[in-house]
Amino acid sequence: MSEPTRAAAPAGAAPAPATDTGGTDGGAATPPGDRRWHEAFARIVSGGWAVSLGAVVLAILAGSVMIAFTDEAVQESAGYFFARPADTFAAIGQAVGGAYAALFRGAVWNYEADSFAAAVRPLTQSLTYATPLIAAGLGVAVAFRAGMFNIGGQGQLLVSAAAAGWVGFAFDLPVGLHLVVAVVVGILAGALWAGIAGLLKAATGAHEVIVTIMLNYIAFYLLSYLLATPGLLQAPGSANPKTPAMAETAVMPGLLGDRYNLHVGFLLVLGAVVLVWWLLNRSSLGFGFRALGENAHAARVAGIDVRRTTVLAMGVAGALVGLAGTTQVLGLITTGFGADIDAGVGFDAITVALLGGSSPVGVLLAGILFGAFKAGGSSMQALEGVPIEIVLVVQSLIVLFIAAPPLVRAVFRLPQPGGRARRRPGRGATGTPTSQEVAA
């Protein structure tokens, strides 16, 4: 093994640090900068982001198989596959490529449009669909970080939508104030509804999954009763279970004009992403949430009031889901709403939180992805005749693959999390951090 070299130093001066000239094979050592990049890359591919991306890729590949099997041209060419196999492969390529091209045109950019305004409209529609998904996903993610499974997004969204909608059509308030009051009331309603589950868990130990499921049913049937009862939420003179139209002063204004559906609720959700990031990573309350999620007993020993933190965590989660409910009734729906205002957002939020790794930025990206699925799915069905249920299957497969990270890591040969790079021979004597020290 080559000996480390030392630069000459004046008498009485401290010796210069040794410089490693190579490893056991006498070759040149990896520069510290390159080694740090290798370490960073190893952390990325071994973390949750790689698994989430791999889950999306696998789900899209599985969706491609289903698209091919349900396409009539593929089925017809498969009948003479052994005579002309190229026809079958060409039909598969056209079916899958056409379907995902239609999905892209309906969700991101319509490159066949005549103007920029028409071409960008699909992206604005995706962001509009993503708005309640991001807010509700943040609510589920906060509960996850606190060690609780908030499966009551549907009930919290329905209650907040009812409260915000009631303020939106029943009160006559000045412009600006009306919208603020409606949003605040909707957020508080969601927080209180989720706080019931947190209070029961803190006081009696009741499991939040069971409690929130029951609260979903209560919220749904309560809203159905209010919508079917004259004088409450039902529109006057109407026999349909639907509310009156929202007052113009309570409707969220559009961001890009009347031609697009994107409204100011998207900005509120972006603000919520920043607020949740600060809460979880920079505040003492967020530290209590994370400590509770890691180990409730250790958090109690550390001086954290576990019961109070449990109630607050569920309250914050419900408030974020409540924001999703207000954007539903004051943004997308301005002509009144019914008991189907949830539109599956409450349960889709669980998928968004899982895909986003319960981090605010991850939830933001996952919500936009699922908003694109919603916006592009109808386009894919209308232009290519692909059943829209395939999009739902793709979303379900994403959850399935996220729930099985070893499978995703095995398919893409990703390293296991927490794995340490092998120490290079000859390092450590120079004072340069080793790979173990960098990883730590």
# chains A, B, ... in the order shown; residues from 1 in each chain; ligands from 1
>>> residues_around(residues="stretch 114-119 of chain A", least_positions_apart="6", cutoff="10 Å", atoms="only C-alpha atoms", output="PyMOL selection string")
chain A and resi 105-106+108+259-260
>>> write_last_selection(atoms="C-alpha atoms", output="PDB file, in the first residue's frame")
ATOM      1  CA  ARG A 105     -53.318  17.161 -23.838  1.00  0.00           C
ATOM      2  CA  GLY A 106     -56.108  17.117 -21.291  1.00  0.00           C
ATOM      3  CA  VAL A 108     -50.843  19.644 -19.127  1.00  0.00           C
ATOM      4  CA  ARG A 259     -62.077  31.811 -19.096  1.00  0.00           C
ATOM      5  CA  TYR A 260     -60.313  29.563 -16.564  1.00  0.00           C
TER       6      TYR A 260
END
>>> residues_around(residues="A:Ile151", least_positions_apart="4", cutoff="9 Å", atoms="only C-alpha atoms", output="PyMOL selection string")
chain A and resi 140+208-210+212-213+216+346-347+350
>>> write_last_selection(atoms="N, CA and C atoms", output="CSV table (one decimal), in the first residue's frame")
chain,number,residue,atom,x,y,z
A,140,VAL,N,-54.1,14.9,6.1
A,140,VAL,CA,-53.8,13.5,6.3
A,140,VAL,C,-52.3,13.4,6.7
A,208,GLU,N,-58.4,6.2,16.4
A,208,GLU,CA,-58.8,7.2,15.5
A,208,GLU,C,-59.4,6.7,14.2
A,209,VAL,N,-58.9,5.5,13.8
A,209,VAL,CA,-59.5,5.0,12.5
A,209,VAL,C,-60.9,4.7,12.6
A,210,ILE,N,-61.3,4.0,13.7
A,210,ILE,CA,-62.7,3.6,13.9
A,210,ILE,C,-63.5,4.9,14.1
A,212,THR,N,-63.0,8.0,13.2
A,212,THR,CA,-63.1,8.9,12.0
A,212,THR,C,-64.0,8.2,11.0
A,213,ILE,N,-64.0,6.9,10.9
A,213,ILE,CA,-64.9,6.2,9.9
A,213,ILE,C,-66.4,6.5,10.4
A,216,ASN,N,-67.4,9.9,9.6
A,216,ASN,CA,-67.7,10.0,8.1
A,216,ASN,C,-69.2,9.8,7.9
A,346,GLY,N,-61.9,13.2,0.0
A,346,GLY,CA,-61.5,12.8,1.3
A,346,GLY,C,-60.6,11.5,1.3
A,347,PHE,N,-60.9,10.6,0.5
A,347,PHE,CA,-60.2,9.3,0.4
A,347,PHE,C,-59.0,9.4,-0.5
A,350,ILE,N,-55.7,10.5,1.1
A,350,ILE,CA,-54.9,9.5,1.8
A,350,ILE,C,-53.8,9.0,0.8
>>> residues_around(residues="A:Leu192", least_positions_apart="6", cutoff="12 Å", atoms="only C-alpha atoms", output="compact mmCIF listing (two decimals) with C-alpha atoms, in the first residue's frame")
# COMPACT_ATOMS: atom_id res chain seq x y z
CA GLY A 155 -66.58 13.71 7.02
CA GLN A 156 -64.37 16.69 7.78
CA LEU A 157 -64.73 17.94 4.21
CA VAL A 159 -68.93 19.39 7.54
CA SER A 160 -66.63 22.21 6.47
CA ALA A 163 -70.54 25.39 7.25
CA VAL A 185 -65.94 29.14 9.45
CA GLY A 186 -65.31 26.22 7.11
CA GLY A 198 -58.55 13.50 18.76
CA LEU A 199 -60.37 14.18 22.02
CA LEU A 215 -67.77 10.34 11.93
CA VAL A 311 -56.04 16.78 20.15
CA LEU A 312 -54.10 19.61 18.52
CA ALA A 313 -52.68 17.35 15.81
CA MET A 314 -56.13 16.12 14.82
CA GLY A 315 -57.47 19.67 15.01
CA VAL A 316 -54.78 20.99 12.67
CA ALA A 317 -55.37 18.06 10.32
CA GLY A 318 -59.10 18.75 10.27
CA ALA A 319 -58.50 22.46 9.65
CA LEU A 320 -56.47 21.66 6.55
CA VAL A 321 -59.15 19.29 5.27
CA GLY A 322 -61.64 22.05 6.08
>>> atom_distance(atom1="atom CA of A:Pro122", atom2="atom CA of A:Asp340")
23.9 Å
>>> select_by_dssp(residues="stretch 68-266 of chain A", states="strand (DSSP E or B)", output="ChimeraX atom specification")
/A:230,234,254,263
>>> select_by_dssp(residues="stretch 109-285 of chain A", states="helix (DSSP H, G or I)", output="NGL selection string")
:A and (116-145 or 153-170 or 177-204 or 208-227 or 248-250 or 265-282 or 284-285)
>>> residues_around(residues="A:Ser52", least_positions_apart="2", cutoff="10 Å", atoms="only C-alpha atoms", output="ChimeraX atom specification")
/A:47-50,54-58,354-357,362,366,398-399,401-403,405,408
>>> residues_around(residues="A:His207", least_positions_apart="3", cutoff="10 Å", atoms="only C-alpha atoms", output="ChimeraX atom specification")
/A:148-149,197-198,200-202,204,210-212
>>> atom_distance(atom1="atom CA of A:Leu330", atom2="atom CA of A:Gly153")
18.2 Å
>>> closest_residue(among="A:Ala91, A:Leu285, A:Leu255, A:Ala146", to="A:Ser358", atoms="only C-alpha atoms")
A:Ala146
>>> atom_distance(atom1="atom CA of A:Trp109", atom2="atom CA of A:Val391")
18.4 Å
>>> residues_around(residues="stretch 244-251 of chain A", least_positions_apart="2", cutoff="12 Å", atoms="only C-alpha atoms", output="PyMOL selection string")
chain A and resi 161-162+164-184+227+230-242+253-254+263-265+326-338
>>> decode(residues="stretch 142-171 of chain A", atoms="C-alpha atoms", output="PDB file, in the first residue's frame")
ATOM      1  CA  VAL A 142     -49.999  16.066   9.521  1.00  0.00           C
ATOM      2  CA  ALA A 143     -51.894  13.270  11.232  1.00  0.00           C
ATOM      3  CA  PHE A 144     -49.442  10.736   9.798  1.00  0.00           C
ATOM      4  CA  ARG A 145     -46.502  12.694  11.186  1.00  0.00           C
ATOM      5  CA  ALA A 146     -48.198  12.659  14.582  1.00  0.00           C
ATOM      6  CA  GLY A 147     -48.602   8.884  14.445  1.00  0.00           C
ATOM      7  CA  MET A 148     -52.337   8.894  13.635  1.00  0.00           C
ATOM      8  CA  PHE A 149     -54.313   7.720  10.617  1.00  0.00           C
ATOM      9  CA  ASN A 150     -56.829  10.416   9.688  1.00  0.00           C
ATOM     10  CA  ILE A 151     -59.218   8.439   7.528  1.00  0.00           C
ATOM     11  CA  GLY A 152     -62.023  10.884   8.275  1.00  0.00           C
ATOM     12  CA  GLY A 153     -61.259  13.326   5.483  1.00  0.00           C
ATOM     13  CA  GLN A 154     -64.662  12.756   3.900  1.00  0.00           C
ATOM     14  CA  GLY A 155     -66.576  13.709   7.021  1.00  0.00           C
ATOM     15  CA  GLN A 156     -64.373  16.694   7.781  1.00  0.00           C
ATOM     16  CA  LEU A 157     -64.727  17.940   4.213  1.00  0.00           C
ATOM     17  CA  LEU A 158     -68.518  17.545   4.247  1.00  0.00           C
ATOM     18  CA  VAL A 159     -68.925  19.386   7.539  1.00  0.00           C
ATOM     19  CA  SER A 160     -66.626  22.211   6.469  1.00  0.00           C
ATOM     20  CA  ALA A 161     -68.393  22.481   3.103  1.00  0.00           C
ATOM     21  CA  ALA A 162     -71.766  22.697   4.849  1.00  0.00           C
ATOM     22  CA  ALA A 163     -70.537  25.390   7.250  1.00  0.00           C
ATOM     23  CA  ALA A 164     -68.766  27.468   4.594  1.00  0.00           C
ATOM     24  CA  GLY A 165     -71.661  27.060   2.162  1.00  0.00           C
ATOM     25  CA  TRP A 166     -74.190  28.139   4.777  1.00  0.00           C
ATOM     26  CA  VAL A 167     -72.242  31.322   5.429  1.00  0.00           C
ATOM     27  CA  GLY A 168     -71.833  31.759   1.682  1.00  0.00           C
ATOM     28  CA  PHE A 169     -75.544  31.907   0.862  1.00  0.00           C
ATOM     29  CA  ALA A 170     -77.299  32.779   4.152  1.00  0.00           C
ATOM     30  CA  PHE A 171     -75.413  35.955   5.122  1.00  0.00           C
TER      31      PHE A 171
END
